[in-house]
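In what follows, a single structure is set out as structure tokens and then discussed.
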Amino acid sequence: MVTFEEFAGLALALPQAHERITWGSEHTFRVGEKIFAMGAPESAHVSLKASLEDQSELMAAAPETFSAAPYVGRFGWVRVALATADPEELGELLTEAWRRTAPKRAVKAFDETREAQVGDVQKRQRRA
């Protein structure tokens with residue numbers, strides 16, 4: 001289970017991500033002006049950007065958790081039930097949604113930072 005606050009924290013931890021409330025109470029998570037995820041604190045669901053292929057795979061693997069998002073599902077957006085979502089998987093899906101939306105330079109810098117962190121962990125593990 002994931003709370004909306006945890007979802008928002010994961011989204012806002014991504015580089016250049018910010019939050020804007022639109023359409024009354026919908027919290028949209030953006031890079032620049034482009035939305036990569038959205039939801040409302042009082043809702044049991046959130047939505048995030050994905051490919052049509054990823055959407056199909058997620059819905060087939062866990063239909064109790066994933067469905068096509070209202071209005072934007074035809075573009076691959078996925079609706080996620082927070083009550084049955086795995087926090088780690090949701091974090092990965094948010095990162096992929098961000099990657100689909102962020103400028104290429106930001107994605108490249110993000111990837112380089114992650115590769116450096118993985119390399120540091122591997123070096124420490126070899127020393128131990």
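As shown in the structure tokens, the chain order sets the letters A, B, ...; within each chain, residues go from 1, and ligands are also counted from 1 in the order they appear.
Neighbours of Glu88 (chain A) closer than or equal to 12 Å, with only C-alpha atoms counted and sequence neighbours fewer than 3 positions away skipped, come out as Met1, Val2, Glu6, Phe7, Leu10, Ala85, Gly91, Glu92, Leu93, Leu94 and Thr95 of chain A.
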Could those residues be written to a file, using C-alpha atoms, as a compact mmCIF listing (two decimals), in the first residue's frame?
```txt
# COMPACT_ATOMS: atom_id res chain seq x y z
CA MET A 1 0.00 0.00 0.00
CA VAL A 2 1.12 3.52 -0.83
CA GLU A 6 4.33 8.84 -0.36
CA PHE A 7 3.41 8.98 -4.06
CA LEU A 10 8.48 9.89 -4.86
CA ALA A 85 0.43 -0.76 -5.25
CA GLY A 91 8.77 4.37 -7.67
CA GLU A 92 10.14 2.67 -10.78
CA LEU A 93 7.01 3.52 -12.77
CA LEU A 94 7.21 7.15 -11.66
CA THR A 95 10.85 7.30 -12.70
```
Would you mind telling me which residue in A:Ala17, A:Pro103, A:Val46, A:Ala61 lies nearest to Leu90 (chain A) when using only C-alpha atoms?
->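 Between A:Ala17, A:Pro103, A:Val46, A:Ala61, the residue approaching Leu90 (chain A) most closely is A:Val46.
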Excluding same-chain residues fewer than 2 positions from Ser51 (chain A), what lies within 8 Å of it counting only C-alpha atoms, as JSON, numbers by chain?
-> {"A": [49, 53, 54, 55, 75, 76, 77]}
Got time to write the residues from that selection, N, CA, C and O atoms, as a short mmCIF file (atom, residue, chain, number, x, y, z; two decimals), in the first residue's frame?
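The resulting file, part.cif, is shown below:
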```cif
data_model
loop_
_atom_site.label_atom_id
_atom_site.label_comp_id
_atom_site.auth_asym_id
_atom_site.auth_seq_id
_atom_site.Cartn_x
_atom_site.Cartn_y
_atom_site.Cartn_z
N LYS A 49 2.18 8.58 -16.59
CA LYS A 49 2.45 8.42 -18.01
C LYS A 49 3.20 7.12 -18.26
O LYS A 49 4.13 6.78 -17.54
N GLU A 53 2.28 -0.08 -24.63
CA GLU A 53 2.79 -1.44 -24.38
C GLU A 53 2.93 -1.70 -22.88
O GLU A 53 2.50 -2.73 -22.37
N ASP A 54 3.53 -0.74 -22.16
CA ASP A 54 3.68 -0.90 -20.71
C ASP A 54 2.32 -0.95 -20.03
O ASP A 54 2.10 -1.75 -19.12
N GLN A 55 1.40 -0.10 -20.48
CA GLN A 55 0.06 -0.08 -19.92
C GLN A 55 -0.58 -1.46 -20.04
O GLN A 55 -1.13 -2.01 -19.10
N PHE A 75 -3.63 7.13 -24.53
CA PHE A 75 -2.24 7.52 -24.84
C PHE A 75 -1.24 6.69 -24.03
O PHE A 75 -0.04 6.96 -24.07
N GLY A 76 -1.72 5.73 -23.25
CA GLY A 76 -0.85 4.87 -22.47
C GLY A 76 -0.82 5.16 -20.98
O GLY A 76 -0.21 4.41 -20.21
N TRP A 77 -1.46 6.22 -20.55
CA TRP A 77 -1.46 6.54 -19.13
C TRP A 77 -2.09 5.40 -18.33
O TRP A 77 -3.05 4.78 -18.77
#
```
Determine the nearest neighbour of Thr84 (chain A) from the options A:Ala8, A:Val72, A:Ala44, A:Ala109, counting only C-alpha atoms.
->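 Result for the nearest residue to Thr84 (chain A): A:Ala44.
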Which of these, A:Ala40, A:Val31, A:Ile21, A:Ala50, has the shortest distance to Ala106 (chain A) once you count only C-alpha atoms?
->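 The shortest atom-to-atom distance to Ala106 (chain A) comes from A:Val31.
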Enumerate the residues of region 3-113 of chain A with a DSSP assignment of helix (DSSP H, G or I), computed from the backbone, and present them as number ranges by chain.
-> A: 4-12, 52-61, 73-75, 82-84, 87-101, 104-113
Which of these, A:Leu14, A:Ala60, A:Ala69, A:Leu48, has the shortest distance to Asp111 (chain A) once you count only C-alpha atoms?
->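 Ranked by minimum distance to Asp111 (chain A), first place goes to A:Leu14.
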